[in-house]
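Chemist: Dropping in upload.tsv, with TSV, C-alpha atoms.
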```tsv
chain	number	residue	atom	x	y	z
L	9	MET	CA	-5.90	-15.70	-17.54
L	10	ARG	CA	-4.37	-16.39	-14.13
L	11	ALA	CA	-4.91	-13.80	-11.42
L	12	ALA	CA	-4.62	-13.41	-7.64
L	13	ILE	CA	-8.20	-12.63	-6.65
L	14	ILE	CA	-10.36	-12.16	-3.58
L	15	ARG	CA	-13.70	-13.97	-3.38
L	16	GLY	CA	-15.15	-11.62	-0.75
L	17	TYR	CA	-14.21	-9.33	2.11
L	18	GLY	CA	-12.44	-10.57	5.21
L	19	GLY	CA	-8.88	-11.66	5.88
L	20	LEU	CA	-6.10	-13.09	3.77
L	21	GLU	CA	-7.98	-16.37	3.59
L	22	GLN	CA	-10.07	-14.71	0.87
L	23	ILE	CA	-7.11	-14.71	-1.55
L	24	ALA	CA	-6.98	-17.39	-4.22
L	25	LEU	CA	-5.37	-18.00	-7.59
L	26	GLY	CA	-8.20	-17.94	-10.10
L	27	ASP	CA	-9.02	-17.68	-13.77
L	28	VAL	CA	-10.59	-14.43	-14.97
L	29	PRO	CA	-11.32	-13.04	-18.46
L	30	ARG	CA	-8.35	-11.39	-20.17
L	31	PRO	CA	-8.93	-7.62	-20.46
L	32	VAL	CA	-9.58	-5.93	-23.80
L	33	ALA	CA	-9.30	-2.25	-24.69
L	34	GLN	CA	-12.53	-0.47	-23.77
L	35	GLY	CA	-11.68	2.77	-25.55
L	36	SER	CA	-9.57	3.94	-28.47
L	37	GLY	CA	-6.97	5.34	-26.08
L	38	ASP	CA	-6.57	2.17	-24.02
L	39	VAL	CA	-3.60	-0.17	-23.88
L	40	VAL	CA	-3.56	-3.80	-22.76
L	41	VAL	CA	-0.32	-4.65	-20.96
L	42	ALA	CA	0.92	-8.22	-20.54
L	43	LEU	CA	2.32	-8.02	-17.02
L	44	ARG	CA	5.70	-9.40	-16.05
L	45	ALA	CA	5.70	-8.38	-12.38
L	46	ALA	CA	3.49	-6.68	-9.82
L	47	ALA	CA	4.17	-5.26	-6.36
L	48	LEU	CA	2.27	-5.25	-3.09
L	49	ASN	CA	1.02	-2.27	-1.10
L	50	HIS	CA	-0.81	-1.97	2.21
L	51	LEU	CA	-3.71	-0.83	0.05
L	52	ASP	CA	-4.18	-4.46	-1.00
L	53	ILE	CA	-4.74	-5.50	2.62
L	54	PHE	CA	-7.23	-2.66	3.13
L	55	VAL	CA	-9.14	-3.71	0.00
L	56	ILE	CA	-9.42	-7.27	1.29
L	57	GLY	CA	-10.88	-5.97	4.55
L	58	GLY	CA	-13.35	-3.73	2.73
L	59	LEU	CA	-13.17	0.03	2.23
L	60	PRO	CA	-15.92	2.54	3.08
L	61	GLY	CA	-17.85	3.66	0.01
L	62	ILE	CA	-16.35	1.08	-2.34
L	63	THR	CA	-18.24	-2.03	-3.44
L	64	HIS	CA	-16.51	-4.67	-5.52
L	65	GLN	CA	-17.78	-7.36	-7.81
L	66	PHE	CA	-16.21	-10.70	-7.00
L	67	PRO	CA	-13.90	-12.19	-7.92
L	68	HIS	CA	-11.84	-9.00	-7.71
L	69	VAL	CA	-8.23	-8.76	-8.93
L	70	LEU	CA	-5.89	-7.06	-6.44
L	71	GLY	CA	-2.77	-5.03	-7.15
L	72	ALA	CA	-1.90	-1.42	-7.97
L	73	ASP	CA	1.70	-1.70	-9.14
L	74	GLY	CA	2.95	-3.40	-12.25
L	75	ALA	CA	5.18	-3.39	-15.31
L	76	GLY	CA	5.11	-5.35	-18.52
L	77	VAL	CA	4.95	-5.46	-22.31
L	78	VAL	CA	2.32	-3.78	-24.48
L	79	GLU	CA	0.05	-6.50	-25.86
L	80	SER	CA	-2.46	-4.44	-27.86
L	81	VAL	CA	-3.41	-0.79	-28.35
L	82	GLY	CA	-6.54	1.18	-29.17
L	83	ALA	CA	-6.93	2.99	-32.49
L	84	ASP	CA	-5.91	6.40	-31.09
L	85	VAL	CA	-2.82	5.27	-29.17
L	86	LYS	CA	0.25	7.04	-30.57
L	87	ARG	CA	3.10	6.63	-28.08
L	88	PHE	CA	3.20	2.86	-27.72
L	89	LYS	CA	3.05	-0.24	-29.90
L	90	PRO	CA	2.87	-3.97	-29.15
L	91	GLY	CA	6.16	-5.22	-27.72
L	92	ASP	CA	7.10	-1.99	-25.90
L	93	ARG	CA	8.25	-2.30	-22.30
L	94	VAL	CA	6.19	-0.04	-20.01
L	95	LEU	CA	5.82	1.20	-16.45
L	96	ILE	CA	2.28	1.73	-15.12
L	97	ASN	CA	0.92	4.73	-13.23
L	98	PRO	CA	-1.80	3.17	-11.00
L	99	GLY	CA	-3.90	6.36	-10.70
L	100	ILE	CA	-6.53	6.81	-13.43
L	101	SER	CA	-8.53	10.02	-13.90
L	102	CYS	CA	-11.08	11.37	-16.39
L	103	GLY	CA	-8.58	13.59	-18.20
L	104	HIS	CA	-10.86	16.56	-18.87
L	105	CYS	CA	-12.16	18.04	-15.59
L	106	GLU	CA	-10.71	21.18	-14.00
L	107	TYR	CA	-8.39	19.11	-11.81
L	108	CYS	CA	-7.09	16.94	-14.64
L	109	THR	CA	-6.42	19.92	-16.91
L	110	SER	CA	-4.51	21.69	-14.11
L	111	GLU	CA	-2.29	18.68	-13.30
L	112	ARG	CA	-4.12	17.78	-10.08
L	113	GLN	CA	-5.41	14.40	-11.23
L	114	PRO	CA	-5.76	12.83	-7.75
L	115	LEU	CA	-8.52	15.38	-7.00
L	116	CYS	CA	-10.58	14.24	-10.02
L	117	ALA	CA	-14.05	13.08	-8.94
L	118	SER	CA	-13.61	9.86	-10.92
L	119	TYR	CA	-10.02	9.19	-9.79
L	120	ALA	CA	-9.45	5.46	-9.45
L	121	ILE	CA	-6.52	3.31	-8.38
L	122	LEU	CA	-5.81	-0.08	-9.91
L	123	GLY	CA	-6.72	-2.88	-7.53
L	124	GLU	CA	-8.82	-0.57	-5.37
L	125	HIS	CA	-11.52	0.78	-7.67
L	126	ARG	CA	-10.96	-1.44	-10.71
L	127	ALA	CA	-9.24	-4.69	-11.69
L	128	GLY	CA	-5.60	-4.65	-10.65
L	129	THR	CA	-2.18	-5.95	-11.57
L	130	PHE	CA	-1.99	-9.31	-9.79
L	131	ALA	CA	-2.79	-10.91	-13.12
L	132	GLU	CA	-1.28	-11.80	-16.47
L	133	ALA	CA	-2.66	-8.62	-18.08
L	134	VAL	CA	-4.27	-5.28	-17.28
L	135	CYS	CA	-5.92	-2.53	-19.34
L	136	VAL	CA	-5.05	1.15	-18.72
L	137	PRO	CA	-5.25	4.44	-20.63
L	138	GLU	CA	-2.20	5.36	-22.73
L	139	VAL	CA	-1.53	8.38	-20.50
L	140	ASN	CA	-0.91	6.02	-17.59
L	141	LEU	CA	2.16	4.47	-19.18
L	142	ALA	CA	5.81	5.45	-19.33
L	143	PRO	CA	8.52	3.77	-21.42
L	144	LEU	CA	10.75	1.34	-19.55
L	145	ALA	CA	14.40	1.06	-20.54
L	146	PRO	CA	15.67	-2.44	-21.47
L	147	GLY	CA	18.25	-2.56	-18.67
L	148	ILE	CA	15.74	-2.22	-15.81
L	149	SER	CA	14.53	-5.45	-14.20
L	150	TRP	CA	10.83	-6.25	-14.13
L	151	HIS	CA	10.94	-6.63	-10.34
L	152	GLU	CA	12.42	-3.16	-9.81
L	153	ALA	CA	10.01	-1.66	-12.33
L	154	ALA	CA	6.96	-3.15	-10.60
L	155	ALA	CA	8.22	-1.95	-7.21
L	156	PHE	CA	8.63	1.64	-8.37
L	157	PRO	CA	5.38	3.45	-9.31
L	158	LEU	CA	2.89	3.77	-6.43
L	159	ALA	CA	5.31	4.24	-3.54
L	160	THR	CA	7.62	6.58	-5.44
L	161	LEU	CA	4.79	8.63	-6.94
L	162	THR	CA	3.17	8.91	-3.51
L	163	ALA	CA	6.46	9.89	-1.85
L	164	TRP	CA	7.38	12.40	-4.55
L	165	GLY	CA	3.91	13.93	-4.41
L	166	MET	CA	4.22	14.29	-0.64
L	167	VAL	CA	7.81	15.40	-0.23
L	168	SER	CA	8.37	17.49	-3.34
L	169	GLY	CA	4.83	18.44	-4.30
L	170	ARG	CA	2.80	19.02	-1.14
L	171	ALA	CA	5.49	19.68	1.51
L	172	ARG	CA	7.83	21.41	-0.96
L	173	LEU	CA	10.91	20.13	0.84
L	174	MET	CA	13.96	22.18	-0.09
L	175	LYS	CA	17.68	21.59	-0.18
L	176	GLY	CA	19.19	22.13	3.27
L	177	GLU	CA	15.96	21.50	5.17
L	178	THR	CA	15.48	18.58	7.57
L	179	ILE	CA	12.81	15.90	7.19
L	180	LEU	CA	11.69	13.24	9.67
L	181	ILE	CA	10.43	10.04	8.04
L	182	ARG	CA	8.36	7.73	10.23
L	183	GLY	CA	8.46	3.93	9.91
L	184	ILE	CA	11.40	3.35	7.59
L	185	GLY	CA	11.20	-0.02	5.86
L	186	GLY	CA	7.89	0.46	4.08
L	187	GLY	CA	7.83	1.36	0.40
L	188	VAL	CA	6.60	4.95	0.79
L	189	ALA	CA	9.01	5.70	3.63
L	190	LEU	CA	11.99	4.36	1.68
L	191	ALA	CA	10.89	6.25	-1.43
L	192	SER	CA	10.59	9.40	0.70
L	193	LEU	CA	14.16	8.86	1.90
L	194	ALA	CA	15.34	8.56	-1.70
L	195	ALA	CA	13.38	11.64	-2.74
L	196	ALA	CA	14.67	13.72	0.18
L	197	ARG	CA	18.26	12.74	-0.59
L	198	LEU	CA	17.80	13.66	-4.24
L	199	ILE	CA	16.47	17.08	-3.17
L	200	GLY	CA	19.44	17.57	-0.85
L	201	ALA	CA	17.67	17.56	2.52
L	202	ARG	CA	18.94	16.20	5.81
L	203	THR	CA	17.09	13.01	6.76
L	204	ILE	CA	16.08	11.54	10.11
L	205	VAL	CA	14.27	8.18	10.04
L	206	THR	CA	12.54	6.07	12.68
L	207	SER	CA	11.81	2.38	13.14
L	208	SER	CA	11.40	-0.11	15.98
L	209	SER	CA	13.99	-2.35	14.29
L	210	ASP	CA	17.71	-1.66	14.69
L	211	GLU	CA	18.31	-3.82	11.63
L	212	LYS	CA	16.05	-1.63	9.49
L	213	LEU	CA	17.71	1.49	10.86
L	214	ALA	CA	21.14	0.13	9.94
L	215	ARG	CA	19.93	-0.62	6.42
L	216	ALA	CA	18.47	2.88	6.18
L	217	ARG	CA	21.85	4.32	7.11
L	218	ALA	CA	23.41	2.24	4.34
L	219	LEU	CA	20.93	3.88	1.95
L	220	GLY	CA	22.01	7.34	3.06
L	221	ALA	CA	19.84	8.28	6.05
L	222	ASP	CA	21.70	10.93	8.06
L	223	GLU	CA	20.22	10.09	11.47
L	224	THR	CA	18.20	7.19	12.88
L	225	ILE	CA	15.95	6.81	15.92
L	226	ASN	CA	14.55	3.59	17.37
L	227	HIS	CA	11.05	4.65	18.40
L	228	ALA	CA	10.62	1.54	20.55
L	229	THR	CA	13.52	2.39	22.83
L	230	GLY	CA	13.87	6.17	22.44
L	231	ASP	CA	11.80	9.31	22.83
L	232	VAL	CA	11.40	10.52	19.25
L	233	PRO	CA	10.58	14.21	19.93
L	234	ARG	CA	13.42	14.46	22.46
L	235	GLU	CA	15.88	12.86	20.04
L	236	VAL	CA	14.74	15.12	17.22
L	237	ARG	CA	15.25	18.19	19.39
L	238	ARG	CA	18.75	16.97	20.25
L	239	LEU	CA	19.61	16.31	16.60
L	240	THR	CA	18.30	19.71	15.48
L	241	ALA	CA	19.72	21.90	18.26
L	242	LYS	CA	16.20	22.17	19.72
L	243	GLN	CA	14.82	23.68	16.49
L	244	GLY	CA	12.70	20.75	15.31
L	245	VAL	CA	12.38	19.54	11.74
L	246	ASP	CA	11.01	21.39	8.73
L	247	VAL	CA	8.94	18.46	7.46
L	248	VAL	CA	7.53	15.24	8.91
L	249	MET	CA	6.43	12.46	6.57
L	250	ASP	CA	3.90	10.35	8.49
L	251	ASN	CA	1.72	7.65	6.95
L	252	VAL	CA	1.35	5.72	10.22
L	253	GLY	CA	-1.52	7.78	11.62
L	254	ALA	CA	-2.93	7.31	15.11
L	255	ALA	CA	0.14	5.71	16.70
L	256	THR	CA	2.58	8.47	15.71
L	257	TRP	CA	0.53	11.59	15.03
L	258	GLU	CA	1.00	13.39	18.34
L	259	THR	CA	4.74	12.72	18.55
L	260	SER	CA	5.19	13.67	14.89
L	261	LEU	CA	3.65	17.08	15.53
L	262	ARG	CA	5.91	17.56	18.54
L	263	CYS	CA	8.92	17.07	16.25
L	264	LEU	CA	8.01	20.01	14.03
L	265	GLY	CA	9.84	23.30	14.25
L	266	ARG	CA	8.25	26.70	13.75
L	267	ALA	CA	6.37	26.87	10.44
L	268	GLY	CA	6.91	23.13	10.07
L	269	ARG	CA	4.88	20.97	7.68
L	270	LEU	CA	3.44	17.55	8.43
L	271	VAL	CA	2.46	15.64	5.30
L	272	THR	CA	0.48	12.42	5.40
L	273	CYS	CA	-0.83	9.91	2.89
L	274	GLY	CA	-2.29	7.25	5.16
L	275	GLY	CA	-3.04	5.85	8.57
L	276	THR	CA	-1.82	2.26	8.76
L	277	SER	CA	-2.19	2.26	12.57
L	278	GLY	CA	-5.63	3.89	12.57
L	279	PRO	CA	-7.40	6.86	10.95
L	280	MET	CA	-8.53	8.92	13.96
L	281	VAL	CA	-6.04	11.42	15.42
L	282	THR	CA	-6.10	14.34	17.85
L	283	THR	CA	-4.30	17.66	17.53
L	284	ASP	CA	-3.62	20.40	20.07
L	285	VAL	CA	-4.89	23.32	18.01
L	286	ARG	CA	-3.07	25.81	20.24
L	287	ARG	CA	0.29	24.46	19.11
L	288	LEU	CA	-0.97	24.35	15.55
L	289	PHE	CA	-1.71	28.06	15.33
L	290	TRP	CA	1.02	29.29	17.67
L	291	TYR	CA	3.84	27.61	15.76
L	292	GLN	CA	2.10	28.13	12.41
L	293	TRP	CA	2.30	24.50	11.40
L	294	SER	CA	0.84	23.20	8.16
L	295	ILE	CA	-0.90	19.81	8.03
L	296	LEU	CA	-1.00	18.52	4.47
L	297	GLY	CA	-2.88	15.60	3.02
L	298	SER	CA	-1.57	13.88	-0.06
L	299	THR	CA	-2.79	11.10	-2.36
L	300	MET	CA	-0.63	9.65	-5.11
L	301	GLY	CA	0.68	12.29	-7.54
L	302	SER	CA	-0.10	14.05	-10.81
L	303	ASN	CA	0.62	12.75	-14.29
L	304	ALA	CA	3.37	15.36	-14.57
L	305	GLU	CA	4.94	14.07	-11.35
L	306	PHE	CA	4.72	10.51	-12.70
L	307	ALA	CA	6.61	11.58	-15.82
L	308	GLU	CA	9.16	13.30	-13.58
L	309	ILE	CA	9.85	10.23	-11.44
L	310	ALA	CA	9.87	7.96	-14.50
L	311	GLY	CA	12.67	10.15	-15.84
L	312	HIS	CA	14.61	9.83	-12.59
L	313	PHE	CA	14.06	6.06	-12.69
L	314	ALA	CA	15.41	5.84	-16.23
L	315	HIS	CA	18.53	7.79	-15.21
L	316	GLY	CA	19.03	5.82	-11.99
L	317	THR	CA	18.58	8.81	-9.68
L	318	LEU	CA	15.50	7.27	-8.04
L	319	LYS	CA	15.35	3.52	-7.47
L	320	PRO	CA	13.11	1.29	-5.34
L	321	VAL	CA	14.26	-1.20	-2.74
L	322	VAL	CA	13.02	-4.71	-3.50
L	323	ASP	CA	12.50	-6.78	-0.37
L	324	ARG	CA	11.49	-10.23	-1.64
L	325	VAL	CA	10.01	-11.78	-4.77
L	326	TYR	CA	7.24	-14.41	-4.77
L	327	PRO	CA	5.56	-16.21	-7.67
L	328	LEU	CA	2.00	-15.13	-8.44
L	329	ASP	CA	0.54	-18.28	-6.91
L	330	GLN	CA	2.09	-17.30	-3.55
L	331	ALA	CA	0.31	-13.94	-3.34
L	332	ARG	CA	-1.16	-14.85	0.03
L	333	GLN	CA	2.27	-15.64	1.53
L	334	ALA	CA	3.59	-12.37	0.11
L	335	LEU	CA	0.74	-10.41	1.70
L	336	GLU	CA	1.28	-12.20	5.00
L	337	ARG	CA	4.86	-10.91	5.03
L	338	LEU	CA	3.60	-7.39	4.37
L	339	GLN	CA	0.90	-7.69	7.02
L	340	ARG	CA	3.47	-8.76	9.63
L	341	GLY	CA	5.65	-5.77	8.79
L	342	GLU	CA	8.70	-7.89	8.11
L	343	GLN	CA	9.59	-6.28	4.79
L	344	PHE	CA	12.29	-3.73	4.06
L	345	GLY	CA	11.23	-2.30	0.75
L	346	LYS	CA	8.72	-3.62	-1.72
L	347	VAL	CA	7.37	-7.16	-1.86
L	348	VAL	CA	7.03	-8.23	-5.51
L	349	LEU	CA	5.07	-10.88	-7.40
L	350	ASP	CA	6.76	-12.48	-10.42
L	351	ILE	CA	4.19	-13.13	-13.14
L	352	GLY	CA	6.64	-14.78	-15.55
L	353	ALA	CA	7.18	-14.67	-19.31
L	354	ALA	CA	10.67	-13.25	-19.71
L	355	GLY	CA	11.43	-10.49	-22.19
```
Could you quickly redo this structure as structure tokens?

Modeler:
Amino acid sequence: MRAAIIRGYGGLEQIALGDVPRPVAQGSGDVVVALRAAALNHLDIFVIGGLPGITHQFPHVLGADGAGVVESVGADVKRFKPGDRVLINPGISCGHCEYCTSERQPLCASYAILGEHRAGTFAEAVCVPEVNLAPLAPGISWHEAAAFPLATLTAWGMVSGRARLMKGETILIRGIGGGVALASLAAARLIGARTIVTSSSDEKLARARALGADETINHATGDVPREVRRLTAKQGVDVVMDNVGAATWETSLRCLGRAGRLVTCGGTSGPMVTTDVRRLFWYQWSILGSTMGSNAEFAEIAGHFAHGTLKPVVDRVYPLDQARQALERLQRGEQFGKVVLDIGAAG
């Protein structure tokens, strides 16, 4: 089958369109999905560069996000049959450890993400456990469906799960325009929180306002902590969502109010940060790490998606054979929303 693969570690020059074996169900609870669309994440760029502690066999198929049609099912699969439209949860766990049985799957010792730890979705088919699928309503486009899972699950796990954002609170979202930031905006609005977003692009800030952001700050031309203090009557925000890392960490902490919570799921600008511990204990801040979300949270967001209360923003769609061009757009930070690969085969 056709797939966007990497032949080794390095830069985007390692990406190629190749032919790899079509997956088959490895267990009785597995489902093979014929993919119709896949979506890009910064994770794909990190995988190409090489990740500490992870060794791949090449060629390796990239891609965490995808949606498609059930092609075949294992003997014990009950919820799906060939021909069903499905949405894929990219996070796969063992299903029986203490973390899996307590709905904390991302803490499972064998937790794996499609495209990072195992063959991904930039291909004509992928094999996943039945529990990693949700039904997809006929009226939802393949491109929107592919753009939804990873960013929305990550954002929901951060904003609702870890930070426990509540109605009436204020959240600061750094770097609006990326998939997780936009999904965090949607999640915060659904919860009923006040939203402040930042970007270095006035165009992206205007588009964020059109999506419902209450306040916007251009971090290239303004002082973010000072603006946050002005917008909150010097109180600071209740929650900061920061997946930028080194470049924004210190200013994000300065935006927090008393008993504020900073929640992070990544460090696109660098992983090493510094914190003034005196402020941390004096103001009783909480610093929260978050990775993906639980299976229960996936079911929750899939329900919101089906009812139209949570929707992704699709930036641009490329054919599968232009995966490199799509990743170049993501690497340059030009996107507003999710960049999607069309894999074809309508239906």

Chemist: Please report as a tab-separated table every residue of stretch 95-186 of chain L lying within 9 Å of stretch 262-273 of chain L, along with the nearest atom pair and their distance in Å (one decimal), using only C-alpha atoms.

Modeler:
```
residue	atom	partner	partner_atom	distance
L:Thr162	CA	L:Cys273	CA	7.6
L:Ala163	CA	L:Cys273	CA	8.7
L:Met166	CA	L:Val271	CA	6.3
L:Val167	CA	L:Val271	CA	7.7
L:Arg170	CA	L:Val271	CA	7.3
L:Ala171	CA	L:Val271	CA	6.3
L:Leu180	CA	L:Cys263	CA	8.1
```

Chemist: Please provide the set of residues having any atom within 7 Å of L:Asp350, restricted to all atoms listed in the file, with same-chain residues fewer than 4 positions apart removed, written as a CSV table (one decimal) with C-alpha atoms, in the coordinates of the input.

Modeler:
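Listing of result_11.csv after writing:
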```
chain,number,residue,atom,x,y,z
L,44,ARG,CA,5.7,-9.4,-16.0
L,45,ALA,CA,5.7,-8.4,-12.4
L,46,ALA,CA,3.5,-6.7,-9.8
L,325,VAL,CA,10.0,-11.8,-4.8
L,326,TYR,CA,7.2,-14.4,-4.8
L,327,PRO,CA,5.6,-16.2,-7.7
L,328,LEU,CA,2.0,-15.1,-8.4
```

Chemist: Using all atoms listed in the file, tabulate the residues of stretch 115-234 of chain L lying at most 8 Å from any atom of stretch 71-85 of chain L, each with its closest atom pair and that distance in Å to one decimal, by chain and increasing residue number, as CSV.

Modeler:
```
residue,atom,partner,partner_atom,distance
L:Ile121,CA,L:Ala72,CA,6.6
L:Leu122,CA,L:Ala72,CA,4.6
L:Gly123,CA,L:Gly71,CA,4.5
L:Glu124,CA,L:Ala72,CA,7.4
L:Ala127,CA,L:Gly71,CA,7.9
L:Gly128,CA,L:Gly71,CA,4.5
L:Thr129,CA,L:Gly71,CA,4.6
L:Phe130,CA,L:Gly71,CA,5.1
L:Glu138,CA,L:Val85,CA,6.5
L:Trp150,CA,L:Ala75,CA,6.4
L:Ala153,CA,L:Ala75,CA,5.9
L:Ala154,CA,L:Gly74,CA,4.3
L:Ala155,CA,L:Asp73,CA,6.8
L:Phe156,CA,L:Asp73,CA,7.7
L:Pro157,CA,L:Asp73,CA,6.3
L:Leu158,CA,L:Asp73,CA,6.2
```

Chemist: Would you work out the distance separating atom CA of L:Val285 from atom CA of L:Ile179, expressed in Å to one decimal?

Modeler: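 Spanning atom CA of L:Val285 to atom CA of L:Ile179 is a straight-line distance of 22.0 Å.
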
Chemist: How many Å lie between atom CA of L:Pro233 and atom CA of L:Ile199, rounded to one decimal?

Modeler: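 Answer for the atom CA of L:Pro233 to atom CA of L:Ile199 separation: 24.0 Å.
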
Chemist: Set the distance at 9 Å and use only C-alpha atoms: which residues neighbour L:Lys212 once local chain neighbours fewer than 4 positions away are removed? I'd like the list as a PDB file with C-alpha atoms, in the frame of the given file.

Modeler:
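Written out: result.pdb:
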```pdb
ATOM      1  CA  ILE L 184      11.400   3.350   7.590  1.00  0.00           C
ATOM      2  CA  GLY L 185      11.200  -0.020   5.860  1.00  0.00           C
ATOM      3  CA  SER L 207      11.810   2.380  13.140  1.00  0.00           C
ATOM      4  CA  SER L 208      11.400  -0.110  15.980  1.00  0.00           C
ATOM      5  CA  ALA L 216      18.470   2.880   6.180  1.00  0.00           C
ATOM      6  CA  ARG L 217      21.850   4.320   7.110  1.00  0.00           C
ATOM      7  CA  PHE L 344      12.290  -3.730   4.060  1.00  0.00           C
TER       8      PHE L 344
END
```

Chemist: For each of L:Ala334, L:Val188, L:Ala228, L:Ala194, take the minimum atom-to-atom distance to L:Val252, counting all atoms listed in the file, then give the residue where this is smallest.

Modeler: L:Val188

Chemist: Per residue of stretch 240-346 of chain L within 7 Å of stretch 11-31 of chain L, note the shortest atom pair and the distance in Å to one decimal, counting only C-alpha atoms, and order the rows by chain and increasing residue number, as JSON lines.

Modeler:
```
{"residue": "L:Leu328", "atom": "CA", "partner": "L:Ala12", "partner_atom": "CA", "distance": 6.9}
{"residue": "L:Asp329", "atom": "CA", "partner": "L:Leu25", "partner_atom": "CA", "distance": 6.0}
{"residue": "L:Ala331", "atom": "CA", "partner": "L:Ala12", "partner_atom": "CA", "distance": 6.6}
{"residue": "L:Arg332", "atom": "CA", "partner": "L:Ile23", "partner_atom": "CA", "distance": 6.2}
```

Chemist: Could you take the residues named above and write them with C-alpha atoms, as a short mmCIF file (atom, residue, chain, number, x, y, z; two decimals), keeping the file's coordinate frame?

Modeler:
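Produced file part_4.cif, reproduced below:
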```cif
data_model
loop_
_atom_site.label_atom_id
_atom_site.label_comp_id
_atom_site.auth_asym_id
_atom_site.auth_seq_id
_atom_site.Cartn_x
_atom_site.Cartn_y
_atom_site.Cartn_z
CA LEU L 328 2.00 -15.13 -8.44
CA ASP L 329 0.54 -18.28 -6.91
CA ALA L 331 0.31 -13.94 -3.34
CA ARG L 332 -1.16 -14.85 0.03
#
```

Chemist: Can you sort out the box for stretch 305-314 of chain L, edges along x, y and z, all listed atoms in, 6 Å on every side, with centre and edge lengths in Å to one decimal, as JSON?

Modeler:
```
{"center_x": 10.1, "center_y": 10.0, "center_z": -13.8, "size_x": 22.7, "size_y": 20.2, "size_z": 16.9}
```

Chemist: Taking all atoms listed in the file into account, produce a table as a Markdown table in which each residue of stretch 105-143 of chain L with an atom at most 10 Å from an atom of stretch 300-304 of chain L appears once, together with its shortest atom pair and the distance in Å to one decimal, ordered by chain and rising number.

Modeler:
```
| residue | atom | partner | partner_atom | distance |
| --- | --- | --- | --- | --- |
| L:Tyr107 | CA | L:Ser302 | CA | 9.8 |
| L:Cys108 | CA | L:Ser302 | CA | 8.5 |
| L:Ser110 | CA | L:Ser302 | CA | 9.4 |
| L:Glu111 | CA | L:Ser302 | CA | 5.7 |
| L:Arg112 | CA | L:Ser302 | CA | 5.5 |
| L:Gln113 | CA | L:Ser302 | CA | 5.3 |
| L:Pro114 | CA | L:Gly301 | CA | 6.5 |
| L:Leu115 | CA | L:Ser302 | CA | 9.3 |
| L:Ile121 | CA | L:Met300 | CA | 9.3 |
| L:Val139 | CA | L:Asn303 | CA | 7.9 |
| L:Asn140 | CA | L:Asn303 | CA | 7.7 |
| L:Leu141 | CA | L:Asn303 | CA | 9.7 |
```

Chemist: Using atom CA of L:Ala310 and atom CA of L:Leu43 as the two end points, give the distance in Å to one decimal.

Modeler: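 Atom CA of L:Ala310 sits 17.9 Å away from atom CA of L:Leu43.
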
Chemist: Place N, CA and C atoms on stretch 73-84 of chain L and deliver the coordinates as a short mmCIF file (atom, residue, chain, number, x, y, z; two decimals), keeping the file's coordinate frame.

Modeler:
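And here's out_26.cif as it stands now:
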```cif
data_model
loop_
_atom_site.label_atom_id
_atom_site.label_comp_id
_atom_site.auth_asym_id
_atom_site.auth_seq_id
_atom_site.Cartn_x
_atom_site.Cartn_y
_atom_site.Cartn_z
N ASP L 73 0.43 -1.89 -8.46
CA ASP L 73 1.70 -1.70 -9.14
C ASP L 73 1.99 -2.79 -10.15
N GLY L 74 2.57 -2.40 -11.28
CA GLY L 74 2.95 -3.40 -12.25
C GLY L 74 3.77 -2.83 -13.38
N ALA L 75 4.41 -3.74 -14.12
CA ALA L 75 5.18 -3.39 -15.31
C ALA L 75 5.11 -4.56 -16.26
N GLY L 76 5.20 -4.27 -17.56
CA GLY L 76 5.11 -5.35 -18.52
C GLY L 76 5.31 -4.90 -19.95
N VAL L 77 4.77 -5.68 -20.88
CA VAL L 77 4.95 -5.46 -22.31
C VAL L 77 3.60 -5.15 -22.95
N VAL L 78 3.56 -4.13 -23.79
CA VAL L 78 2.32 -3.78 -24.48
C VAL L 78 1.87 -4.96 -25.35
N GLU L 79 0.62 -5.38 -25.12
CA GLU L 79 0.05 -6.50 -25.86
C GLU L 79 -0.81 -6.02 -27.04
N SER L 80 -1.63 -5.00 -26.80
CA SER L 80 -2.46 -4.44 -27.86
C SER L 80 -2.78 -3.00 -27.52
N VAL L 81 -3.13 -2.21 -28.55
CA VAL L 81 -3.41 -0.79 -28.35
C VAL L 81 -4.70 -0.40 -29.07
N GLY L 82 -5.37 0.63 -28.53
CA GLY L 82 -6.54 1.18 -29.17
C GLY L 82 -6.16 1.99 -30.41
N ALA L 83 -7.17 2.33 -31.20
CA ALA L 83 -6.93 2.99 -32.49
C ALA L 83 -6.25 4.35 -32.37
N ASP L 84 -6.46 5.04 -31.24
CA ASP L 84 -5.91 6.40 -31.09
C ASP L 84 -4.60 6.45 -30.30
#
```
